[in-house]
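*Asks:* Handing you a structure now.
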Protein chains: 2
Amino acid sequence: MNLVLLLPEDLVAPDRARLMGRRLAHVREVHRAAVGKDLAVGLLGGAMGRGRVVHLDAEVLELELSLDQPPPPKLPLTLVVALPRPKVLNRVVAAAASLGAARLVLLNAWKVEKAYWASPRLSPESLRQQLVLGLEQAKDTVLPELRLARLFRPFVEDELPGLLAGGTGLLAHPGSGEGAPAVLAAPITLAIGPEGGWVEAEVQSLLRAGLQPLDLGPRILRTETALAALVGRLF
Amino acid sequence: MNLVLLLPEDLVAPDRARLMGRRLAHVREVHRAAVGKDLAVGLLGGAMGRGRVVHLDAEVLELELSLDQPPPPKLPLTLVVALPRPKVLNRVVAAAASLGAARLVLLNAWKVEKAYWASPRLSPESLRQQLVLGLEQAKDTVLPELRLARLFRPFVEDELPGLLAGGTGLLAHPGSGEGAPAVLAAPITLAIGPEGGWVEAEVQSLLRAGLQPLDLGPRILRTETALAALVGRLF
């Protein structure tokens, strides 16, 4: 937690916040904060700055806020990721948030097991928690937009072309032999397949929707590793 | 496991391997292999190709091998990573292997807690297992060289300059404001700090050893995310 992310309900006055629970424990045990010390803080969806510890005990942390900096700009990036298995999902969601993607779409695919869609990790509370962890890591306050697209075809045929309008769409696709285009018009949409890859019919649908294939080389990377490597390459 | 990585002791004949344990379970449960099917296989440190399942039961898997492809080339990259906390270590080691780094150095730093060096995850067996998982993920057979540098100063002063000779050394350093150099001579050495960052004396030592600062932007990324993003940017 490189930034203490404050929710509207944490504010007890416009310049004062009161924290309990996970963030209190983290600030006490990891930051080893004390009264008079400053912490990096930000208001969810708003400004960032410093919070001076004015009270701290086992029950509550009180901060006096001075929020005068904007959050870092989002990348003009929509990530379209085939829903990973639950064990991997949290890391992918937090990584997408910390890397600064403006939007994350979790998409169904042939090789996504149906059971993944029933995971409790897909609850709004759980997903939001992972996004918050990613923002706290990266020092950002703005949640990416998160969409669950449980049906492949309606999303790819009806919505994806609109997302691509005026920008560049890329399909991470091992073996395609294609490098990144020389000119990348923003916004960029980047689709990353499931662990077993896209099936051929899905590849064809995604290409028809306007994505261009992008070969990452001979190595098959885990979803969250591929995602970070692609963001590093494209931005 | 996108590649079944065979060890010399798995070979019962030059073109035949016999597997039990973890890899057998994975091939049965995830790949759902059957007699007559082909699996992607590779010999540790050697060639890759196909293994045809000639026998499969709950106890043993037997493969007939046809190994005729070289593994993918390693990146001319040495990663120097401040030893992460044990929970993160496995992911960093596997990610370094899957991304294709030729060498990984785990380095001490002021903000590396001493207890991390006592973790059982630093045993040669545990580290090797994570490297193998990374190779199996990426479809590679060649282990990166792995070094534990328990003392910062002797490594940075006496060994690092030699690693840099003729190549480019980069120090991931938030806030330095420096982009990647326009020309990157290989080999590249890339140093990534601990969660709390390098202390100023460490930064100065690393710069004196020949590293150039590289700013990743305002976002603070987790070690394994930063590592993948940097590899994506530089290669």
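In the structure tokens, each chain is lettered A, B, ... as it comes, each chain's residues begin at 1, and ligands are numbered from 1 in order of appearance.
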Could you list, as an MDAnalysis selection string, every residue within 12 Å of Pro84 in chain A, counting only C-alpha atoms and ignoring same-chain residues fewer than 4 positions away?
*Replies:* chainID A and resid 80 88:93 105:109 111:117 119 121:122 192:197 222:224
*Asks:* Please write the residues from the selection above to a file, keeping N, CA and C atoms, as an mmCIF file, in the first residue's frame.
*Replies:*
```
data_model
loop_
_atom_site.group_PDB
_atom_site.id
_atom_site.type_symbol
_atom_site.label_atom_id
_atom_site.label_comp_id
_atom_site.auth_asym_id
_atom_site.auth_seq_id
_atom_site.Cartn_x
_atom_site.Cartn_y
_atom_site.Cartn_z
ATOM 1 N N VAL A 80 -9.060 -6.319 -22.817
ATOM 2 C CA VAL A 80 -10.110 -7.328 -22.967
ATOM 3 C C VAL A 80 -9.449 -8.668 -22.670
ATOM 4 N N VAL A 88 -6.070 -16.898 -10.464
ATOM 5 C CA VAL A 88 -5.280 -15.908 -11.208
ATOM 6 C C VAL A 88 -6.036 -14.579 -11.318
ATOM 7 N N LEU A 89 -7.359 -14.647 -11.191
ATOM 8 C CA LEU A 89 -8.199 -13.478 -11.438
ATOM 9 C C LEU A 89 -7.785 -12.262 -10.608
ATOM 10 N N ASN A 90 -7.611 -12.475 -9.301
ATOM 11 C CA ASN A 90 -7.297 -11.335 -8.438
ATOM 12 C C ASN A 90 -6.031 -10.615 -8.893
ATOM 13 N N ARG A 91 -5.013 -11.388 -9.241
ATOM 14 C CA ARG A 91 -3.750 -10.763 -9.654
ATOM 15 C C ARG A 91 -3.925 -9.996 -10.955
ATOM 16 N N VAL A 92 -4.727 -10.535 -11.866
ATOM 17 C CA VAL A 92 -4.938 -9.865 -13.152
ATOM 18 C C VAL A 92 -5.691 -8.547 -12.947
ATOM 19 N N VAL A 93 -6.720 -8.582 -12.113
ATOM 20 C CA VAL A 93 -7.516 -7.372 -11.876
ATOM 21 C C VAL A 93 -6.664 -6.301 -11.189
ATOM 22 N N VAL A 105 -12.222 -5.390 -19.468
ATOM 23 C CA VAL A 105 -13.369 -6.232 -19.810
ATOM 24 C C VAL A 105 -12.954 -7.679 -19.588
ATOM 25 N N LEU A 106 -13.698 -8.404 -18.758
ATOM 26 C CA LEU A 106 -13.463 -9.835 -18.576
ATOM 27 C C LEU A 106 -14.449 -10.569 -19.480
ATOM 28 N N LEU A 107 -13.895 -11.310 -20.424
ATOM 29 C CA LEU A 107 -14.691 -11.849 -21.534
ATOM 30 C C LEU A 107 -14.750 -13.374 -21.459
ATOM 31 N N ASN A 108 -15.865 -13.915 -21.836
ATOM 32 C CA ASN A 108 -15.951 -15.365 -21.957
ATOM 33 C C ASN A 108 -15.192 -15.817 -23.203
ATOM 34 N N ALA A 109 -14.769 -17.080 -23.204
ATOM 35 C CA ALA A 109 -14.135 -17.687 -24.374
ATOM 36 C C ALA A 109 -14.360 -19.186 -24.273
ATOM 37 N N LYS A 111 -12.374 -21.628 -24.120
ATOM 38 C CA LYS A 111 -11.525 -22.337 -23.159
ATOM 39 C C LYS A 111 -11.595 -21.751 -21.752
ATOM 40 N N VAL A 112 -12.564 -20.891 -21.500
ATOM 41 C CA VAL A 112 -12.838 -20.445 -20.126
ATOM 42 C C VAL A 112 -13.837 -21.441 -19.527
ATOM 43 N N GLU A 113 -13.449 -22.101 -18.440
ATOM 44 C CA GLU A 113 -14.377 -23.089 -17.860
ATOM 45 C C GLU A 113 -15.585 -22.373 -17.268
ATOM 46 N N LYS A 114 -16.746 -22.963 -17.481
ATOM 47 C CA LYS A 114 -17.990 -22.333 -17.020
ATOM 48 C C LYS A 114 -17.943 -22.026 -15.534
ATOM 49 N N ALA A 115 -17.294 -22.926 -14.773
ATOM 50 C CA ALA A 115 -17.256 -22.760 -13.318
ATOM 51 C C ALA A 115 -16.586 -21.444 -12.915
ATOM 52 N N TYR A 116 -15.703 -20.938 -13.770
ATOM 53 C CA TYR A 116 -15.008 -19.683 -13.409
ATOM 54 C C TYR A 116 -16.010 -18.545 -13.211
ATOM 55 N N TRP A 117 -17.112 -18.585 -14.001
ATOM 56 C CA TRP A 117 -18.098 -17.501 -13.918
ATOM 57 C C TRP A 117 -18.908 -17.565 -12.627
ATOM 58 N N SER A 119 -17.416 -18.104 -9.684
ATOM 59 C CA SER A 119 -16.515 -17.854 -8.559
ATOM 60 C C SER A 119 -16.971 -16.653 -7.733
ATOM 61 N N ARG A 121 -15.127 -14.740 -6.395
ATOM 62 C CA ARG A 121 -14.192 -13.629 -6.685
ATOM 63 C C ARG A 121 -14.720 -12.696 -7.765
ATOM 64 N N LEU A 122 -15.810 -13.086 -8.422
ATOM 65 C CA LEU A 122 -16.414 -12.202 -9.420
ATOM 66 C C LEU A 122 -17.502 -11.310 -8.824
ATOM 67 N N ILE A 192 -6.412 -10.338 -24.714
ATOM 68 C CA ILE A 192 -5.506 -11.399 -24.250
ATOM 69 C C ILE A 192 -6.339 -12.643 -23.965
ATOM 70 N N GLY A 193 -5.933 -13.756 -24.551
ATOM 71 C CA GLY A 193 -6.732 -14.978 -24.512
ATOM 72 C C GLY A 193 -6.627 -15.764 -23.219
ATOM 73 N N PRO A 194 -7.381 -16.863 -23.147
ATOM 74 C CA PRO A 194 -7.340 -17.719 -21.963
ATOM 75 C C PRO A 194 -6.076 -18.580 -21.963
ATOM 76 N N GLU A 195 -5.886 -19.338 -20.907
ATOM 77 C CA GLU A 195 -4.655 -20.131 -20.781
ATOM 78 C C GLU A 195 -4.456 -21.078 -21.958
ATOM 79 N N GLY A 196 -5.529 -21.646 -22.452
ATOM 80 C CA GLY A 196 -5.388 -22.559 -23.587
ATOM 81 C C GLY A 196 -5.396 -21.842 -24.933
ATOM 82 N N GLY A 197 -5.496 -20.522 -24.932
ATOM 83 C CA GLY A 197 -5.533 -19.757 -26.176
ATOM 84 C C GLY A 197 -6.957 -19.578 -26.692
ATOM 85 N N ARG A 222 2.204 -16.154 -18.674
ATOM 86 C CA ARG A 222 0.982 -16.122 -17.886
ATOM 87 C C ARG A 222 0.233 -14.825 -18.164
ATOM 88 N N THR A 223 -1.077 -14.850 -17.936
ATOM 89 C CA THR A 223 -1.899 -13.698 -18.314
ATOM 90 C C THR A 223 -1.357 -12.403 -17.720
ATOM 91 N N GLU A 224 -1.077 -12.388 -16.417
ATOM 92 C CA GLU A 224 -0.683 -11.123 -15.798
ATOM 93 C C GLU A 224 0.715 -10.698 -16.242
#
```
*Asks:* Could you give me, as number ranges by chain, each residue of range 27-219 of chain B that DSSP assigns to strand (DSSP E) when run on this structure's backbone?
*Replies:* B: 38-43, 48-56, 61-69, 75-82, 101-107, 145-149, 168-172, 188-192, 212-214
*Asks:* Quick one: residues within 9 Å of range 149-165 of chain A, only C-alpha atoms counted, chain neighbours fewer than 3 positions away excluded, as an MDAnalysis selection string?
*Replies:* chainID A and resid 78 105:110 117 168:169 187:189 202 205:206 208:211
*Asks:* Take the residues from that selection and write them out as a PDB file, in the first residue's frame, keeping C-alpha atoms.
*Replies:*
```pdb
ATOM      1  CA  THR A  78      -8.981  -1.038 -22.751  1.00  0.00           C
ATOM      2  CA  VAL A 105     -13.369  -6.232 -19.810  1.00  0.00           C
ATOM      3  CA  LEU A 106     -13.463  -9.835 -18.576  1.00  0.00           C
ATOM      4  CA  LEU A 107     -14.691 -11.849 -21.534  1.00  0.00           C
ATOM      5  CA  ASN A 108     -15.951 -15.365 -21.957  1.00  0.00           C
ATOM      6  CA  ALA A 109     -14.135 -17.687 -24.374  1.00  0.00           C
ATOM      7  CA  TRP A 110     -14.379 -21.302 -25.440  1.00  0.00           C
ATOM      8  CA  TRP A 117     -18.098 -17.501 -13.918  1.00  0.00           C
ATOM      9  CA  THR A 168      -5.943   0.663 -32.467  1.00  0.00           C
ATOM     10  CA  GLY A 169      -7.096  -2.827 -31.574  1.00  0.00           C
ATOM     11  CA  PRO A 187      -7.137   4.592 -27.596  1.00  0.00           C
ATOM     12  CA  ILE A 188      -5.621   1.130 -27.669  1.00  0.00           C
ATOM     13  CA  THR A 189      -7.687  -1.986 -27.108  1.00  0.00           C
ATOM     14  CA  GLU A 202     -12.757 -16.654 -31.848  1.00  0.00           C
ATOM     15  CA  SER A 205     -14.350 -12.996 -34.876  1.00  0.00           C
ATOM     16  CA  LEU A 206     -11.859 -10.741 -33.131  1.00  0.00           C
ATOM     17  CA  ARG A 208     -13.378  -9.233 -38.103  1.00  0.00           C
ATOM     18  CA  ALA A 209     -14.219  -6.824 -35.268  1.00  0.00           C
ATOM     19  CA  GLY A 210     -11.084  -4.884 -36.186  1.00  0.00           C
ATOM     20  CA  LEU A 211      -8.264  -6.241 -34.024  1.00  0.00           C
TER      21      LEU A 211
END
```
*Asks:* What residues in chain A have any atom no more than 12 Å from chain B when counting only C-alpha atoms, and can you write them as an mmCIF file with N, CA and C atoms, in the first residue's frame?
*Replies:*
```cif
data_model
loop_
_atom_site.group_PDB
_atom_site.id
_atom_site.type_symbol
_atom_site.label_atom_id
_atom_site.label_comp_id
_atom_site.auth_asym_id
_atom_site.auth_seq_id
_atom_site.Cartn_x
_atom_site.Cartn_y
_atom_site.Cartn_z
ATOM 1 N N MET A 1 0.852 -1.196 0.000
ATOM 2 C CA MET A 1 0.000 0.000 0.000
ATOM 3 C C MET A 1 0.885 1.243 0.000
ATOM 4 N N ASN A 2 1.112 1.778 -1.201
ATOM 5 C CA ASN A 2 1.933 2.983 -1.303
ATOM 6 C C ASN A 2 1.103 4.254 -1.173
ATOM 7 N N LEU A 3 -0.214 4.074 -1.179
ATOM 8 C CA LEU A 3 -1.152 5.180 -1.024
ATOM 9 C C LEU A 3 -2.313 4.671 -0.172
ATOM 10 N N VAL A 30 2.856 -2.123 8.928
ATOM 11 C CA VAL A 30 3.821 -2.045 7.826
ATOM 12 C C VAL A 30 4.454 -0.653 7.765
ATOM 13 N N HIS A 31 3.623 0.385 7.748
ATOM 14 C CA HIS A 31 4.183 1.746 7.713
ATOM 15 C C HIS A 31 4.768 2.146 9.058
ATOM 16 N N PRO A 70 -3.340 16.043 -8.558
ATOM 17 C CA PRO A 70 -4.227 15.174 -9.335
ATOM 18 C C PRO A 70 -3.664 13.757 -9.362
ATOM 19 N N PRO A 71 -4.512 12.768 -9.536
ATOM 20 C CA PRO A 71 -3.992 11.403 -9.727
ATOM 21 C C PRO A 71 -3.277 11.312 -11.066
ATOM 22 N N PRO A 72 -2.415 10.301 -11.252
ATOM 23 C CA PRO A 72 -1.745 10.166 -12.554
ATOM 24 C C PRO A 72 -2.770 9.895 -13.637
ATOM 25 N N PRO A 73 -2.495 10.333 -14.864
ATOM 26 C CA PRO A 73 -3.464 10.076 -15.936
ATOM 27 C C PRO A 73 -3.582 8.583 -16.216
ATOM 28 N N LYS A 74 -4.790 8.167 -16.573
ATOM 29 C CA LYS A 74 -4.990 6.789 -17.003
ATOM 30 C C LYS A 74 -4.357 6.586 -18.371
ATOM 31 N N LEU A 75 -3.930 5.359 -18.657
ATOM 32 C CA LEU A 75 -3.540 5.022 -20.022
ATOM 33 C C LEU A 75 -4.804 4.902 -20.866
ATOM 34 N N VAL A 88 -6.070 -16.898 -10.464
ATOM 35 C CA VAL A 88 -5.280 -15.908 -11.208
ATOM 36 C C VAL A 88 -6.036 -14.579 -11.318
ATOM 37 N N ARG A 91 -5.013 -11.388 -9.241
ATOM 38 C CA ARG A 91 -3.750 -10.763 -9.654
ATOM 39 C C ARG A 91 -3.925 -9.996 -10.955
ATOM 40 N N VAL A 92 -4.727 -10.535 -11.866
ATOM 41 C CA VAL A 92 -4.938 -9.865 -13.152
ATOM 42 C C VAL A 92 -5.691 -8.547 -12.947
ATOM 43 N N ALA A 94 -5.913 -6.695 -10.178
ATOM 44 C CA ALA A 94 -5.068 -5.714 -9.480
ATOM 45 C C ALA A 94 -3.973 -5.189 -10.405
ATOM 46 N N ALA A 95 -3.397 -6.068 -11.224
ATOM 47 C CA ALA A 95 -2.334 -5.624 -12.140
ATOM 48 C C ALA A 95 -2.895 -4.638 -13.165
ATOM 49 N N ALA A 96 -4.078 -4.929 -13.695
ATOM 50 C CA ALA A 96 -4.682 -4.007 -14.675
ATOM 51 C C ALA A 96 -4.884 -2.631 -14.054
ATOM 52 N N ALA A 97 -5.355 -2.606 -12.799
ATOM 53 C CA ALA A 97 -5.548 -1.318 -12.124
ATOM 54 C C ALA A 97 -4.211 -0.628 -11.880
ATOM 55 N N SER A 98 -3.217 -1.370 -11.424
ATOM 56 C CA SER A 98 -1.953 -0.713 -11.083
ATOM 57 C C SER A 98 -1.232 -0.223 -12.334
ATOM 58 N N LEU A 99 -1.399 -0.913 -13.443
ATOM 59 C CA LEU A 99 -0.756 -0.472 -14.687
ATOM 60 C C LEU A 99 -1.435 0.758 -15.277
ATOM 61 N N GLY A 100 -2.652 1.083 -14.816
ATOM 62 C CA GLY A 100 -3.293 2.316 -15.254
ATOM 63 C C GLY A 100 -4.273 2.165 -16.398
ATOM 64 N N ALA A 101 -4.707 0.931 -16.692
ATOM 65 C CA ALA A 101 -5.695 0.755 -17.758
ATOM 66 C C ALA A 101 -6.967 1.523 -17.414
ATOM 67 N N GLU A 113 -13.449 -22.101 -18.440
ATOM 68 C CA GLU A 113 -14.377 -23.089 -17.860
ATOM 69 C C GLU A 113 -15.585 -22.373 -17.268
ATOM 70 N N LEU A 133 -6.801 -2.454 -4.306
ATOM 71 C CA LEU A 133 -5.430 -2.871 -3.979
ATOM 72 C C LEU A 133 -4.464 -2.444 -5.085
ATOM 73 N N GLY A 134 -4.897 -2.560 -6.327
ATOM 74 C CA GLY A 134 -4.044 -2.130 -7.441
ATOM 75 C C GLY A 134 -3.789 -0.636 -7.422
ATOM 76 N N LEU A 135 -4.823 0.142 -7.111
ATOM 77 C CA LEU A 135 -4.655 1.603 -7.028
ATOM 78 C C LEU A 135 -3.749 1.983 -5.859
ATOM 79 N N GLU A 136 -3.939 1.333 -4.720
ATOM 80 C CA GLU A 136 -3.092 1.617 -3.549
ATOM 81 C C GLU A 136 -1.630 1.301 -3.836
ATOM 82 N N GLN A 137 -1.408 0.229 -4.597
ATOM 83 C CA GLN A 137 -0.045 -0.133 -4.988
ATOM 84 C C GLN A 137 0.553 0.943 -5.883
ATOM 85 N N ALA A 138 -0.228 1.372 -6.881
ATOM 86 C CA ALA A 138 0.313 2.236 -7.938
ATOM 87 C C ALA A 138 0.288 3.715 -7.583
ATOM 88 N N LYS A 139 -0.381 4.085 -6.497
ATOM 89 C CA LYS A 139 -0.608 5.495 -6.172
ATOM 90 C C LYS A 139 -1.520 6.161 -7.202
ATOM 91 N N ASP A 140 -2.720 5.689 -7.244
ATOM 92 C CA ASP A 140 -3.735 6.227 -8.142
ATOM 93 C C ASP A 140 -5.036 6.230 -7.344
ATOM 94 N N THR A 141 -5.994 7.033 -7.761
ATOM 95 C CA THR A 141 -7.271 7.069 -7.036
ATOM 96 C C THR A 141 -8.465 6.699 -7.899
ATOM 97 N N PRO A 174 -0.005 -15.665 -30.096
ATOM 98 C CA PRO A 174 1.278 -16.338 -30.340
ATOM 99 C C PRO A 174 1.252 -17.028 -31.699
ATOM 100 N N GLY A 179 4.567 -8.138 -35.570
ATOM 101 C CA GLY A 179 5.037 -7.227 -34.532
ATOM 102 C C GLY A 179 4.016 -6.137 -34.277
ATOM 103 N N ALA A 180 4.322 -5.244 -33.331
ATOM 104 C CA ALA A 180 3.410 -4.134 -33.049
ATOM 105 C C ALA A 180 3.395 -3.192 -34.246
ATOM 106 N N GLU A 195 -5.886 -19.338 -20.907
ATOM 107 C CA GLU A 195 -4.655 -20.131 -20.781
ATOM 108 C C GLU A 195 -4.456 -21.078 -21.958
ATOM 109 N N GLY A 196 -5.529 -21.646 -22.452
ATOM 110 C CA GLY A 196 -5.388 -22.559 -23.587
ATOM 111 C C GLY A 196 -5.396 -21.842 -24.933
ATOM 112 N N GLY A 197 -5.496 -20.522 -24.932
ATOM 113 C CA GLY A 197 -5.533 -19.757 -26.176
ATOM 114 C C GLY A 197 -6.957 -19.578 -26.692
ATOM 115 N N LEU A 216 3.811 -12.063 -29.510
ATOM 116 C CA LEU A 216 4.715 -11.724 -28.413
ATOM 117 C C LEU A 216 6.013 -12.513 -28.452
ATOM 118 N N GLY A 217 6.207 -13.336 -29.494
ATOM 119 C CA GLY A 217 7.409 -14.159 -29.537
ATOM 120 C C GLY A 217 7.113 -15.582 -29.104
ATOM 121 N N PRO A 218 8.147 -16.422 -29.089
ATOM 122 C CA PRO A 218 7.900 -17.856 -28.890
ATOM 123 C C PRO A 218 7.494 -18.226 -27.463
ATOM 124 N N ARG A 219 7.659 -17.322 -26.511
ATOM 125 C CA ARG A 219 7.386 -17.673 -25.118
ATOM 126 C C ARG A 219 5.909 -17.460 -24.791
ATOM 127 N N ILE A 220 5.321 -18.434 -24.124
ATOM 128 C CA ILE A 220 3.935 -18.316 -23.683
ATOM 129 C C ILE A 220 3.980 -17.788 -22.251
ATOM 130 N N LEU A 221 3.396 -16.615 -22.046
ATOM 131 C CA LEU A 221 3.467 -15.999 -20.720
ATOM 132 C C LEU A 221 2.147 -16.153 -19.984
ATOM 133 N N ARG A 222 2.204 -16.154 -18.674
ATOM 134 C CA ARG A 222 0.982 -16.122 -17.886
ATOM 135 C C ARG A 222 0.233 -14.825 -18.164
ATOM 136 N N THR A 223 -1.077 -14.850 -17.936
ATOM 137 C CA THR A 223 -1.899 -13.698 -18.314
ATOM 138 C C THR A 223 -1.357 -12.403 -17.720
ATOM 139 N N GLU A 224 -1.077 -12.388 -16.417
ATOM 140 C CA GLU A 224 -0.683 -11.123 -15.798
ATOM 141 C C GLU A 224 0.715 -10.698 -16.242
ATOM 142 N N THR A 225 1.566 -11.674 -16.601
ATOM 143 C CA THR A 225 2.901 -11.329 -17.098
ATOM 144 C C THR A 225 2.791 -10.774 -18.514
ATOM 145 N N ALA A 226 1.973 -11.419 -19.341
ATOM 146 C CA ALA A 226 1.786 -10.953 -20.725
ATOM 147 C C ALA A 226 1.212 -9.537 -20.741
ATOM 148 N N LEU A 227 0.253 -9.321 -19.876
ATOM 149 C CA LEU A 227 -0.420 -8.030 -19.782
ATOM 150 C C LEU A 227 0.587 -6.912 -19.440
ATOM 151 N N ALA A 228 1.415 -7.162 -18.445
ATOM 152 C CA ALA A 228 2.402 -6.139 -18.059
ATOM 153 C C ALA A 228 3.432 -5.944 -19.162
ATOM 154 N N ALA A 229 3.866 -7.033 -19.792
ATOM 155 C CA ALA A 229 4.869 -6.916 -20.853
ATOM 156 C C ALA A 229 4.302 -6.124 -22.035
ATOM 157 N N LEU A 230 3.034 -6.359 -22.346
ATOM 158 C CA LEU A 230 2.414 -5.638 -23.465
ATOM 159 C C LEU A 230 2.236 -4.166 -23.144
ATOM 160 N N VAL A 231 1.801 -3.866 -21.937
ATOM 161 C CA VAL A 231 1.658 -2.457 -21.550
ATOM 162 C C VAL A 231 3.022 -1.775 -21.588
ATOM 163 N N GLY A 232 4.046 -2.463 -21.104
ATOM 164 C CA GLY A 232 5.395 -1.899 -21.154
ATOM 165 C C GLY A 232 5.846 -1.649 -22.582
ATOM 166 N N ARG A 233 5.448 -2.523 -23.493
ATOM 167 C CA ARG A 233 5.877 -2.357 -24.877
ATOM 168 C C ARG A 233 5.116 -1.242 -25.578
ATOM 169 N N LEU A 234 3.823 -1.107 -25.285
ATOM 170 C CA LEU A 234 2.967 -0.229 -26.085
ATOM 171 C C LEU A 234 2.922 1.204 -25.560
ATOM 172 N N PHE A 235 3.248 1.430 -24.291
ATOM 173 C CA PHE A 235 3.095 2.780 -23.729
ATOM 174 C C PHE A 235 4.427 3.350 -23.246
#
```
*Asks:* What does the distance from CA of Ala33 in chain A to CA of Glu200 in chain B come to in Å, to one decimal?
*Replies:*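 It comes out at 21.3 Å.
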*Asks:* Using only C-alpha atoms, determine which residues lie at most 12 Å from range 15-19 of chain B, disregarding the query and same-chain residues fewer than 6 positions distant; provide the list as an MDAnalysis selection string.
*Replies:* chainID B and resid 4:9 25:28 41:43 49:68
*Asks:* Given the selection you just returned, output its residues as a file containing N, CA and C atoms, formatted as a short mmCIF file (atom, residue, chain, number, x, y, z; two decimals), in the first residue's frame.
*Replies:*
```cif
data_model
loop_
_atom_site.label_atom_id
_atom_site.label_comp_id
_atom_site.auth_asym_id
_atom_site.auth_seq_id
_atom_site.Cartn_x
_atom_site.Cartn_y
_atom_site.Cartn_z
N VAL B 4 6.18 -30.10 -21.23
CA VAL B 4 6.59 -31.05 -20.21
C VAL B 4 8.11 -31.08 -20.22
N LEU B 5 8.70 -30.60 -19.14
CA LEU B 5 10.15 -30.50 -19.09
C LEU B 5 10.72 -31.79 -18.50
N LEU B 6 11.55 -32.45 -19.29
CA LEU B 6 12.10 -33.75 -18.88
C LEU B 6 13.48 -33.57 -18.27
N LEU B 7 13.73 -34.30 -17.20
CA LEU B 7 15.05 -34.30 -16.58
C LEU B 7 15.82 -35.52 -17.09
N PRO B 8 17.14 -35.47 -17.02
CA PRO B 8 17.92 -36.62 -17.52
C PRO B 8 17.44 -37.94 -16.89
N GLU B 9 17.08 -37.88 -15.61
CA GLU B 9 16.69 -39.13 -14.94
C GLU B 9 15.32 -39.65 -15.39
N ALA B 25 0.41 -36.16 -12.91
CA ALA B 25 -0.92 -35.68 -12.46
C ALA B 25 -1.40 -34.56 -13.37
N HIS B 26 -0.50 -33.63 -13.71
CA HIS B 26 -0.89 -32.49 -14.54
C HIS B 26 -1.32 -32.97 -15.93
N VAL B 27 -0.55 -33.88 -16.50
CA VAL B 27 -0.86 -34.37 -17.85
C VAL B 27 -2.20 -35.11 -17.86
N ARG B 28 -2.49 -35.86 -16.79
CA ARG B 28 -3.76 -36.58 -16.72
C ARG B 28 -4.93 -35.63 -16.48
N VAL B 41 7.14 -31.40 -25.42
CA VAL B 41 8.11 -31.77 -24.39
C VAL B 41 9.47 -31.14 -24.72
N GLY B 42 10.31 -31.08 -23.72
CA GLY B 42 11.67 -30.61 -23.92
C GLY B 42 12.57 -31.23 -22.87
N LEU B 43 13.83 -31.36 -23.21
CA LEU B 43 14.79 -31.95 -22.29
C LEU B 43 15.53 -30.81 -21.59
N GLY B 49 10.46 -30.73 -28.55
CA GLY B 49 9.75 -31.39 -29.63
C GLY B 49 8.46 -32.00 -29.11
N ARG B 50 8.15 -33.21 -29.60
CA ARG B 50 6.91 -33.86 -29.23
C ARG B 50 7.21 -35.13 -28.46
N GLY B 51 6.29 -35.47 -27.56
CA GLY B 51 6.35 -36.76 -26.88
C GLY B 51 5.00 -37.45 -27.09
N ARG B 52 5.04 -38.59 -27.73
CA ARG B 52 3.79 -39.34 -27.94
C ARG B 52 3.53 -40.23 -26.74
N VAL B 53 2.30 -40.16 -26.22
CA VAL B 53 1.94 -40.97 -25.06
C VAL B 53 1.82 -42.43 -25.52
N VAL B 54 2.69 -43.29 -25.01
CA VAL B 54 2.62 -44.71 -25.38
C VAL B 54 2.09 -45.56 -24.23
N HIS B 55 2.07 -44.98 -23.03
CA HIS B 55 1.48 -45.70 -21.89
C HIS B 55 1.05 -44.67 -20.87
N LEU B 56 -0.12 -44.87 -20.28
CA LEU B 56 -0.61 -43.92 -19.28
C LEU B 56 -1.54 -44.66 -18.32
N ASP B 57 -1.18 -44.63 -17.04
CA ASP B 57 -2.11 -45.10 -16.01
C ASP B 57 -1.92 -44.22 -14.79
N ALA B 58 -2.53 -44.60 -13.67
CA ALA B 58 -2.48 -43.74 -12.49
C ALA B 58 -1.07 -43.61 -11.93
N GLU B 59 -0.19 -44.53 -12.32
CA GLU B 59 1.14 -44.57 -11.71
C GLU B 59 2.22 -43.96 -12.60
N VAL B 60 2.07 -44.09 -13.88
CA VAL B 60 3.19 -43.76 -14.75
C VAL B 60 2.70 -43.33 -16.15
N LEU B 61 3.47 -42.43 -16.72
CA LEU B 61 3.24 -41.96 -18.09
C LEU B 61 4.51 -42.27 -18.88
N GLU B 62 4.34 -42.89 -20.03
CA GLU B 62 5.52 -43.15 -20.84
C GLU B 62 5.37 -42.44 -22.17
N LEU B 63 6.44 -41.77 -22.59
CA LEU B 63 6.43 -40.94 -23.80
C LEU B 63 7.50 -41.41 -24.76
N GLU B 64 7.17 -41.44 -26.04
CA GLU B 64 8.16 -41.69 -27.09
C GLU B 64 8.53 -40.33 -27.66
N LEU B 65 9.81 -40.02 -27.64
CA LEU B 65 10.25 -38.64 -27.87
C LEU B 65 10.73 -38.41 -29.29
N SER B 66 10.45 -37.21 -29.75
CA SER B 66 10.99 -36.75 -31.03
C SER B 66 11.39 -35.30 -30.82
N LEU B 67 12.65 -35.09 -30.47
CA LEU B 67 13.13 -33.77 -30.04
C LEU B 67 14.01 -33.19 -31.14
N ASP B 68 13.47 -32.26 -31.90
CA ASP B 68 14.22 -31.78 -33.06
C ASP B 68 14.25 -30.26 -33.16
#
```
*Asks:* Quick one: pick out all alpha helix (DSSP H) residues within range 176-235 of chain B from a backbone DSSP run and write them as a PyMOL selection string.
*Replies:* chain B and resi 200-208+223-234
*Asks:* One decimal, in Å: what's the spacing between CA of Ala118 in chain A and CA of Pro144 in chain A?
*Replies:*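 Distance reported for this atom pair: 22.5 Å.
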